[in-house]
Amino acid sequence: MNLTTEAPLISKKTPLLPATHSVRLTVNGSERELQLAPWTSLLDALREYMHLTGTKKGCDHGQCGACTVLVDGKRINSCLTLAIMQEGKSITTIEGIVQSEGGATSERSDLHPMQQAFIEHDAFQCGYCTPGQICSAIGMMHEGHAKTADDVRELMSGNICRCGAYPNIVTAIQSVMHPQPDTL
Amino acid sequence: MNPFAYTRAEGVSNAVRERASEHTAKFIAGGTNIIDLMKENVERPSRLIDITHLPLATVDEMENGGIRLGALMTNADTAYHPKIAERYPLLSKAILAGASPQLRNMATDGGNLMQRTRCYYFYDVATPCNKREPGSGCSAIEGYNRIHAILGTRDTNQDIHCIATHPSDMCVALAALEAVVNVTGPYGERSIPFAEFHRLPGNTPHIDNTLQDDELITAIDLPARGFPDHYAYIKLRDRTSYAFALVSVAAALELENGRIAEARITLGGVAHKPWRRLDVEAILIDKVPSKGVFQQAADAMLEGAQGFGHNTFKIELAKRAIVRALTEATNLNSL
């Protein structure tokens, strides 16, 4: 049998895909130009093209909140938006909350007050949902509609914690919302 | 996800032209539903036309005393807008009963009307579904149908092809408020009364609404009457937050001299569209509010309801929810 006359089983051709686009994203205060296919989600752009892996991929369907980031100060699910749609917006991820959201807790710490509170109140177990929880909590404080613990539970319901650290998450967030004088 | 091309629309007429020239293209705004459906291969557009740069994120007073909501207002900005919260608290409450804060920050009001059913079989491309693939059959009728419809499922021959529900909370309130949907197409503009926007499945369940493929929603008009004094939105679901309704009720009343002068009742989670019956609302007119008359309306509202096994509980649940919503709207327990 002459193998050279057989049609190859594997084609070396690449499929014809729609063109990629040059996309300028402003993330954590710095602008980056990326060459992206239109179907690249903001989440994938952050993780796979900018190597900002603090933002987590949980369900990839907008159900778990692990991918929560702030866009122009508002919390969104980065898995349900296209990177190309976020041009011209200011995107803040967990890596950028200290510089974008008002500085560290003290001169000796490089943590945002919400990060510090999550540590102090043991508000996580495995930690996978934590970046999304923290970005969501900061976004919730910007919105200004949460007053009570019940409000916090309702307005944080877009962030699932499979370990069930909810009581401590609510306590941590409340400690930032209503700081006690002796803890300042 | 299927590969697709991307266009950023520069104006309403430009967006409509783009859409009309490529019949497999789709508009994208908040994207919270269509991107999810594309990841599941349920939606496979050849092109997405990004309309988020159109100047439609507006709230305007209308000459008739109503408010015009631009189609690109986000659900969150609508619910918390001072004019909406004060004059249309039923709408605010319904919006805030749906989705999560992150999704409400992304999702637009026009997109809310266009969201597709959450039927598990519609989402699962391995199963037959008349809505996704006309003629393939309905997996829900004899399958697991806890979240499915109990009203308006039969076509004119009394056959059933689809028992999907419309998943929106916002639309239940908009139906009760008699909102009007303004759309632009290649042949101009038209206005669609809310009751005529969504449709029952009949024998064409793949068609969710009466919007034409090349038309774009530009605004939603709220009539002047907002029922800020007597309203209730009750949503019953399997967990207390961030879940779709098993049954929801929007109730709105106007009371004059201790009698009901105007009544609106709309159900969510029970049919292919928000379920409203003018003849049932008429039962309440000129009546003194009482549990008895509310029960009479609730029974009439569920007339003809049919369960499919797992969802049969919805019939009694809906009746009780209606009585509770009307009781809450009249503050009957505090009288």
# chains A, B, ... in the order shown; residues from 1 in each chain; ligands from 1
call {"tool": "residues_around", "arguments": {"residues": "stretch 237-247 of chain B", "least_positions_apart": "4", "cutoff": "7 Å", "atoms": "only C-alpha atoms", "output": "count of residues only"}}
result
13
call {"tool": "interface_residues", "arguments": {"of": "chain B", "to": "chain A", "cutoff": "7 Å", "atoms": "only C-alpha atoms", "output": "list of chain:residue names"}}
result
B:Pro3, B:Phe4, B:Ala5, B:Tyr6, B:Gly31, B:Thr32, B:Ile35, B:Asp36, B:Ser100, B:Pro101, B:Gln102, B:Leu103, B:Asn105, B:Met106, B:Ser241, B:Tyr242
call {"tool": "write_last_selection", "arguments": {"atoms": "N, CA and C atoms", "output": "JSON list (two decimals), in the first residue's frame"}}
result
[["chain", "number", "residue", "atom", "x", "y", "z"],
["B", 3, "PRO", "N", -17.93, 30.11, 16.56],
["B", 3, "PRO", "CA", -17.29, 31.37, 16.18],
["B", 3, "PRO", "C", -18.33, 32.35, 15.61],
["B", 4, "PHE", "N", -18.11, 33.63, 15.87],
["B", 4, "PHE", "CA", -19.01, 34.65, 15.34],
["B", 4, "PHE", "C", -18.23, 35.94, 15.12],
["B", 5, "ALA", "N", -18.78, 36.81, 14.32],
["B", 5, "ALA", "CA", -18.17, 38.11, 14.06],
["B", 5, "ALA", "C", -18.82, 39.15, 14.98],
["B", 6, "TYR", "N", -18.17, 40.30, 15.09],
["B", 6, "TYR", "CA", -18.62, 41.32, 16.04],
["B", 6, "TYR", "C", -18.65, 42.68, 15.36],
["B", 31, "GLY", "N", -25.95, 41.11, 27.70],
["B", 31, "GLY", "CA", -25.32, 39.85, 27.33],
["B", 31, "GLY", "C", -25.51, 38.71, 28.32],
["B", 32, "THR", "N", -26.17, 38.96, 29.45],
["B", 32, "THR", "CA", -26.19, 37.96, 30.52],
["B", 32, "THR", "C", -26.94, 36.70, 30.13],
["B", 35, "ILE", "N", -25.05, 35.31, 26.03],
["B", 35, "ILE", "CA", -23.71, 34.71, 26.09],
["B", 35, "ILE", "C", -23.80, 33.33, 26.75],
["B", 36, "ASP", "N", -24.63, 33.23, 27.78],
["B", 36, "ASP", "CA", -24.85, 31.94, 28.43],
["B", 36, "ASP", "C", -25.41, 30.93, 27.43],
["B", 100, "SER", "N", -29.18, 38.39, 40.39],
["B", 100, "SER", "CA", -28.26, 38.78, 41.47],
["B", 100, "SER", "C", -27.85, 40.22, 41.21],
["B", 101, "PRO", "N", -27.24, 40.88, 42.20],
["B", 101, "PRO", "CA", -26.81, 42.28, 41.97],
["B", 101, "PRO", "C", -25.86, 42.40, 40.77],
["B", 102, "GLN", "N", -24.94, 41.45, 40.62],
["B", 102, "GLN", "CA", -24.01, 41.53, 39.48],
["B", 102, "GLN", "C", -24.78, 41.48, 38.15],
["B", 103, "LEU", "N", -25.74, 40.56, 38.07],
["B", 103, "LEU", "CA", -26.51, 40.43, 36.82],
["B", 103, "LEU", "C", -27.38, 41.65, 36.60],
["B", 105, "ASN", "N", -26.70, 44.62, 37.43],
["B", 105, "ASN", "CA", -25.83, 45.70, 36.98],
["B", 105, "ASN", "C", -25.52, 45.60, 35.50],
["B", 106, "MET", "N", -25.63, 44.41, 34.92],
["B", 106, "MET", "CA", -25.29, 44.20, 33.51],
["B", 106, "MET", "C", -26.54, 44.21, 32.64],
["B", 241, "SER", "N", -33.28, 33.66, 47.76],
["B", 241, "SER", "CA", -32.71, 34.69, 46.90],
["B", 241, "SER", "C", -32.06, 34.03, 45.69],
["B", 242, "TYR", "N", -31.97, 34.77, 44.60],
["B", 242, "TYR", "CA", -31.21, 34.32, 43.43],
["B", 242, "TYR", "C", -31.72, 32.98, 42.90]]
call {"tool": "residues_around", "arguments": {"residues": "stretch 51-53 of chain B", "least_positions_apart": "5", "cutoff": "10 Å", "atoms": "only C-alpha atoms", "output": "list of chain:residue names"}}
result
A:Met85, B:Thr7, B:Arg8, B:Ala9, B:Glu10, B:Gly11, B:Val12, B:Asn14, B:Ala15, B:Val16, B:Phe27, B:Ile28, B:Ala29, B:Gly30, B:Gly31, B:Ala71, B:Leu72, B:Thr108, B:Leu216
call {"tool": "residues_around", "arguments": {"residues": "B:Gly143", "least_positions_apart": "3", "cutoff": "12 Å", "atoms": "only C-alpha atoms", "output": "list in words"}}
result
Cys119, Tyr120, Tyr121, Thr127, Pro128, Cys129, Gly137, Cys138, Ser139, Ala140, Arg146, Ile147, His148, Cys162, Ile163, Phe308, Gly309, His310 and Asn311 of chain B
call {"tool": "select_by_dssp", "arguments": {"residues": "stretch 65-254 of chain B", "states": "helix (DSSP H, G or I)", "output": "MDAnalysis selection string"}}
result
chainID B and resid 75:79 82:87 89:96 101:106 109:114 120:123 170:176 194:196
call {"tool": "select_by_dssp", "arguments": {"residues": "chain A", "states": "strand (DSSP E or B)", "output": "number ranges by chain"}}
result
A: 21-27, 30-36, 41, 68-71, 74-77, 82, 90-92
